[in-house]
$ cat target-v5.cif   # mmCIF, C-alpha atoms
data_input
loop_
_atom_site.label_atom_id
_atom_site.label_comp_id
_atom_site.auth_asym_id
_atom_site.auth_seq_id
_atom_site.Cartn_x
_atom_site.Cartn_y
_atom_site.Cartn_z
CA MET A 1 0.00 0.00 0.00
CA LYS A 2 1.23 3.43 -0.84
CA THR A 3 0.13 6.60 0.96
CA THR A 4 0.21 10.11 -0.38
CA THR A 5 -0.69 13.37 1.20
CA GLY A 6 -2.61 16.11 -0.55
CA ARG A 7 -1.59 19.47 0.91
CA PRO A 8 0.31 20.20 4.11
CA GLY A 9 -1.77 19.51 7.19
CA ALA A 10 -4.28 17.36 5.28
CA GLY A 11 -5.00 13.78 6.31
CA ALA A 12 -3.25 10.97 4.50
CA GLU A 13 -5.01 9.71 1.40
CA VAL A 14 -4.68 5.97 0.84
CA VAL A 15 -4.26 4.81 -2.74
CA ALA A 16 -4.69 1.08 -3.29
CA GLU A 17 -2.30 -0.58 -5.67
CA PRO A 18 -3.74 -3.03 -8.18
CA PRO A 19 -3.37 -6.71 -7.23
CA SER A 20 -0.28 -8.46 -8.52
CA GLY A 21 -0.11 -11.24 -11.16
CA GLY A 22 -1.59 -14.42 -9.66
CA ARG A 23 -3.93 -12.51 -7.40
CA ALA A 24 -5.37 -10.57 -10.38
CA VAL A 25 -6.07 -13.83 -12.25
CA GLY A 26 -7.75 -15.27 -9.15
CA LEU A 27 -9.96 -12.20 -8.83
CA SER A 28 -10.87 -12.39 -12.52
CA VAL A 29 -11.84 -16.06 -12.20
CA LEU A 30 -13.85 -15.29 -9.05
CA ARG A 31 -15.67 -12.48 -10.87
CA LEU A 32 -16.43 -14.76 -13.81
CA VAL A 33 -17.72 -17.56 -11.59
CA SER A 34 -19.88 -15.17 -9.57
CA ALA A 35 -21.19 -13.54 -12.76
CA LEU A 36 -22.34 -16.97 -13.93
CA ALA A 37 -23.42 -18.42 -10.57
CA ILE A 38 -25.47 -15.52 -9.23
CA PRO A 39 -28.00 -15.47 -12.12
CA ILE A 40 -28.28 -19.27 -12.05
CA VAL A 41 -28.88 -19.36 -8.28
CA GLY A 42 -31.29 -16.43 -8.62
CA PHE A 43 -33.21 -18.29 -11.33
CA PHE A 44 -33.64 -21.38 -9.14
CA LEU A 45 -34.63 -19.25 -6.12
CA LEU A 46 -37.27 -17.48 -8.22
CA TRP A 47 -38.48 -20.84 -9.53
CA ALA A 48 -38.90 -22.15 -5.97
CA THR A 49 -40.59 -18.90 -4.91
CA PHE A 50 -43.09 -19.05 -7.77
CA ASP A 51 -43.84 -22.70 -6.93
CA PHE A 52 -44.54 -21.61 -3.35
CA LEU A 53 -46.74 -18.72 -4.50
CA ARG A 54 -48.84 -21.10 -6.64
CA ASP A 55 -49.31 -23.57 -3.76
CA ALA A 56 -53.02 -23.54 -2.90
CA ASP A 57 -52.38 -24.96 0.60
CA ALA A 58 -49.85 -22.29 1.61
CA ASN A 59 -50.66 -19.72 4.29
CA ARG A 60 -52.14 -16.72 2.46
CA GLY A 61 -50.46 -14.17 4.75
CA LEU A 62 -47.08 -15.79 4.13
CA VAL A 63 -47.75 -15.89 0.39
CA VAL A 64 -48.50 -12.15 0.39
CA LEU A 65 -45.38 -11.41 2.45
CA VAL A 66 -43.17 -13.49 0.14
CA ALA A 67 -44.72 -11.88 -2.95
CA VAL A 68 -44.07 -8.37 -1.64
CA VAL A 69 -40.51 -9.15 -0.50
CA VAL A 70 -39.63 -10.93 -3.74
CA GLY A 71 -41.32 -8.24 -5.85
CA VAL A 72 -39.68 -5.26 -4.15
CA GLY A 73 -36.37 -7.06 -3.65
CA GLY A 74 -36.43 -8.30 -7.21
CA VAL A 75 -36.90 -4.81 -8.62
CA PHE A 76 -34.15 -3.48 -6.33
CA PHE A 77 -31.67 -6.17 -7.39
CA LEU A 78 -32.67 -5.79 -11.04
CA TYR A 79 -31.79 -2.09 -11.02
CA TRP A 80 -28.72 -2.63 -8.84
CA GLY A 81 -27.41 -5.38 -11.12
CA MET A 82 -28.08 -3.43 -14.28
CA ASN A 83 -26.36 -0.37 -12.82
CA ARG A 84 -23.33 -2.53 -11.95
CA LEU A 85 -23.32 -3.92 -15.48
CA VAL A 86 -23.39 -0.40 -16.97
CA ASP A 87 -20.50 0.59 -14.68
CA TRP A 88 -18.33 -1.92 -16.57
CA PHE A 89 -18.95 -0.11 -19.87
CA PRO A 90 -16.42 2.46 -21.08
CA ALA A 91 -17.19 5.89 -19.60
CA ARG A 92 -18.30 7.44 -22.90
CA TYR A 93 -20.92 4.70 -23.41
CA ALA A 94 -21.99 4.21 -19.80
CA GLU A 95 -23.63 7.59 -19.34
CA GLY A 96 -25.44 7.28 -22.66
CA VAL A 97 -26.79 3.81 -21.84
CA ARG A 98 -27.66 4.38 -18.16
CA PRO A 99 -30.97 6.28 -18.76
CA TYR A 100 -32.24 3.48 -21.00
CA VAL A 101 -31.25 0.89 -18.43
CA PHE A 102 -33.40 2.56 -15.79
CA VAL A 103 -36.32 3.39 -18.09
CA GLY A 104 -36.25 0.05 -19.93
CA PRO A 105 -37.85 -2.18 -17.27
CA GLY A 106 -40.60 0.39 -16.74
CA LEU A 107 -41.34 0.42 -20.46
CA VAL A 108 -41.42 -3.39 -20.52
CA ILE A 109 -43.85 -3.45 -17.57
CA LEU A 110 -45.95 -0.73 -19.20
CA SER A 111 -46.06 -2.76 -22.41
CA VAL A 112 -47.01 -5.95 -20.61
CA PHE A 113 -49.77 -4.39 -18.53
CA LEU A 114 -51.13 -1.76 -20.96
CA VAL A 115 -50.19 -2.44 -24.58
CA TYR A 116 -50.70 -6.22 -24.51
CA PRO A 117 -54.24 -6.00 -23.02
CA VAL A 118 -55.25 -3.42 -25.64
CA ILE A 119 -54.04 -5.63 -28.49
CA ASN A 120 -55.61 -8.71 -26.90
CA THR A 121 -58.94 -6.90 -26.42
CA ILE A 122 -58.96 -5.84 -30.08
CA LEU A 123 -58.29 -9.42 -31.18
CA ILE A 124 -61.00 -10.79 -28.87
CA SER A 125 -63.48 -8.20 -30.19
CA LEU A 126 -63.10 -9.74 -33.63
CA LYS A 127 -64.11 -13.23 -32.39
CA ASP A 128 -67.38 -14.84 -31.31
CA ALA A 129 -68.71 -14.97 -27.72
CA ASP A 130 -66.48 -17.97 -26.90
CA SER A 131 -63.42 -16.28 -28.46
CA GLN A 132 -63.01 -19.31 -30.71
CA ALA A 133 -64.19 -18.42 -34.22
CA PHE A 134 -63.19 -15.26 -36.09
CA VAL A 135 -66.29 -13.17 -36.93
CA GLY A 136 -64.64 -9.96 -38.13
CA LEU A 137 -66.62 -6.76 -37.62
CA ASP A 138 -69.96 -8.51 -36.91
CA ASN A 139 -69.69 -7.66 -33.19
CA PHE A 140 -69.28 -3.96 -34.02
CA ALA A 141 -72.22 -4.06 -36.43
CA PHE A 142 -74.33 -5.49 -33.58
CA VAL A 143 -73.12 -2.86 -31.09
CA PHE A 144 -73.92 0.09 -33.35
CA THR A 145 -77.26 -1.20 -34.69
CA ASN A 146 -78.91 -2.82 -31.65
CA GLU A 147 -81.22 -0.39 -29.78
CA ASP A 148 -80.28 -1.70 -26.31
CA MET A 149 -76.57 -1.31 -27.02
CA LEU A 150 -77.08 2.23 -28.36
CA ARG A 151 -79.00 3.15 -25.18
CA SER A 152 -76.12 1.76 -23.07
CA ILE A 153 -73.60 3.79 -25.06
CA ARG A 154 -75.68 6.99 -24.62
CA ASN A 155 -75.98 6.36 -20.86
CA THR A 156 -72.25 5.72 -20.56
CA VAL A 157 -71.34 8.88 -22.48
CA GLY A 158 -73.79 10.83 -20.34
CA TRP A 159 -72.19 9.60 -17.14
CA ILE A 160 -68.71 10.30 -18.51
CA ILE A 161 -69.63 13.92 -19.32
CA VAL A 162 -72.23 14.89 -16.69
CA VAL A 163 -70.75 13.46 -13.48
CA PRO A 164 -67.22 14.89 -13.84
CA THR A 165 -68.62 18.25 -15.00
CA PHE A 166 -70.86 18.60 -11.95
CA GLY A 167 -68.20 17.20 -9.60
CA VAL A 168 -65.56 19.66 -10.78
CA GLY A 169 -68.08 22.52 -10.85
CA ILE A 170 -69.21 21.91 -7.27
CA GLY A 171 -65.59 21.57 -6.13
CA LEU A 172 -64.63 24.86 -7.79
CA ALA A 173 -67.65 26.61 -6.29
CA PHE A 174 -66.74 25.46 -2.77
CA ALA A 175 -63.08 26.37 -3.32
CA THR A 176 -64.06 29.87 -4.46
CA LEU A 177 -66.39 30.35 -1.50
CA ALA A 178 -63.77 29.03 0.95
CA ASP A 179 -61.16 31.36 -0.54
CA ARG A 180 -63.39 34.39 0.17
CA LEU A 181 -63.70 33.55 3.88
CA ARG A 182 -61.48 35.04 6.55
CA ARG A 183 -58.48 33.04 7.76
CA ARG A 184 -60.28 31.19 10.53
CA GLY A 185 -63.34 30.45 8.39
CA GLU A 186 -61.14 29.31 5.50
CA ALA A 187 -59.26 26.88 7.75
CA VAL A 188 -62.53 25.43 9.07
CA ALA A 189 -64.02 25.13 5.56
CA LYS A 190 -60.90 23.45 4.16
CA SER A 191 -60.76 20.96 7.03
CA MET A 192 -64.28 19.74 6.23
#

$ encode --input "target-v5.cif" --output "C-alpha cells"
Amino acid sequence: MKTTTGRPGAGAEVVAEPPSGGRAVGLSVLRLVSALAIPIVGFFLLWATFDFLRDADANRGLVVLVAVVVGVGGVFFLYWGMNRLVDWFPARYAEGVRPYVFVGPGLVILSVFLVYPVINTILISLKDADSQAFVGLDNFAFVFTNEDMLRSIRNTVGWIIVVPTFGVGIGLAFATLADRLRRRGEAVAKSM
C-alpha cells in the first residue's frame, strides 16, 4: 500500500495498488464464476418462490409477504445489477446507456400491462362470444345497430360527461367560497 498526502496539514489519502499477477487472475476467475453463478442461483430461487406462490395450501399471509418481499427485492436487485453492469462499460458509453437501463424495465412493464391487453382486447373483439371463431366486424355491427346497445352507449357517455362536469363545478364553487372567507373560516371550511 502506498500513501500520499494532498496538501500540508491534510490527512493521509490511501491509494490502493492493483493486485499483482496471480492474485489478479484469481480475482478475474472469481468475478467470472460469480457472474455466472449468481443469475443461475437467482433463477432457481425465483423458480422455488413461484412454486410456493402457486401452492393452494400455503398460508395466504405468508404468500402475500413473500410476494411483496420478492417483488420489491427483485426490482431493487434488477436495477442494482443493471447499474453494476453499466459501470463496466467504457465511460463514454456508460452515461449514454444508463438512462435506457433505468427506463427500460418500466417500459417493458408498461407494455405488458397496458399495450398487450389493448391488443388482446382488439383481437377478442373480432371473435365470437367464446373467443373461438373469427367473426370480423360482426360484433361492431351489432353494437352500433342494436337499440339496447345504443342506449347503453348513450348512458355511458352521459355519465362520462355529466358526473365529472358537476363534480368539478361543485368543487370549484366550494373552493371559491372558501377562498373568500377570513383566515379562521377558511381553515374550518378546508378541514371539512

$ atom_distance --input "target-v5.cif" --atom1 "CA of Thr165 (chain A)" --atom2 "CA of Arg182 (chain A)"
28.2 Å

$ residues_around --input "target-v5.cif" --residues "Asn83 (chain A)" --least-positions-apart "3" --cutoff "8 Å" --atoms "only C-alpha atoms" --output "count of residues only"
6

$ closest_residue --input "target-v5.cif" --among "A:Ala67, A:Leu78, A:Ala37, A:Val188" --to "Asp51 (chain A)" --atoms "all atoms listed in the file"
A:Ala67

$ atom_distance --input "target-v5.cif" --atom1 "CA of Pro105 (chain A)" --atom2 "CA of Ala35 (chain A)"
20.7 Å

$ atom_distance --input "target-v5.cif" --atom1 "CA of Gly169 (chain A)" --atom2 "CA of Arg151 (chain A)"
26.5 Å
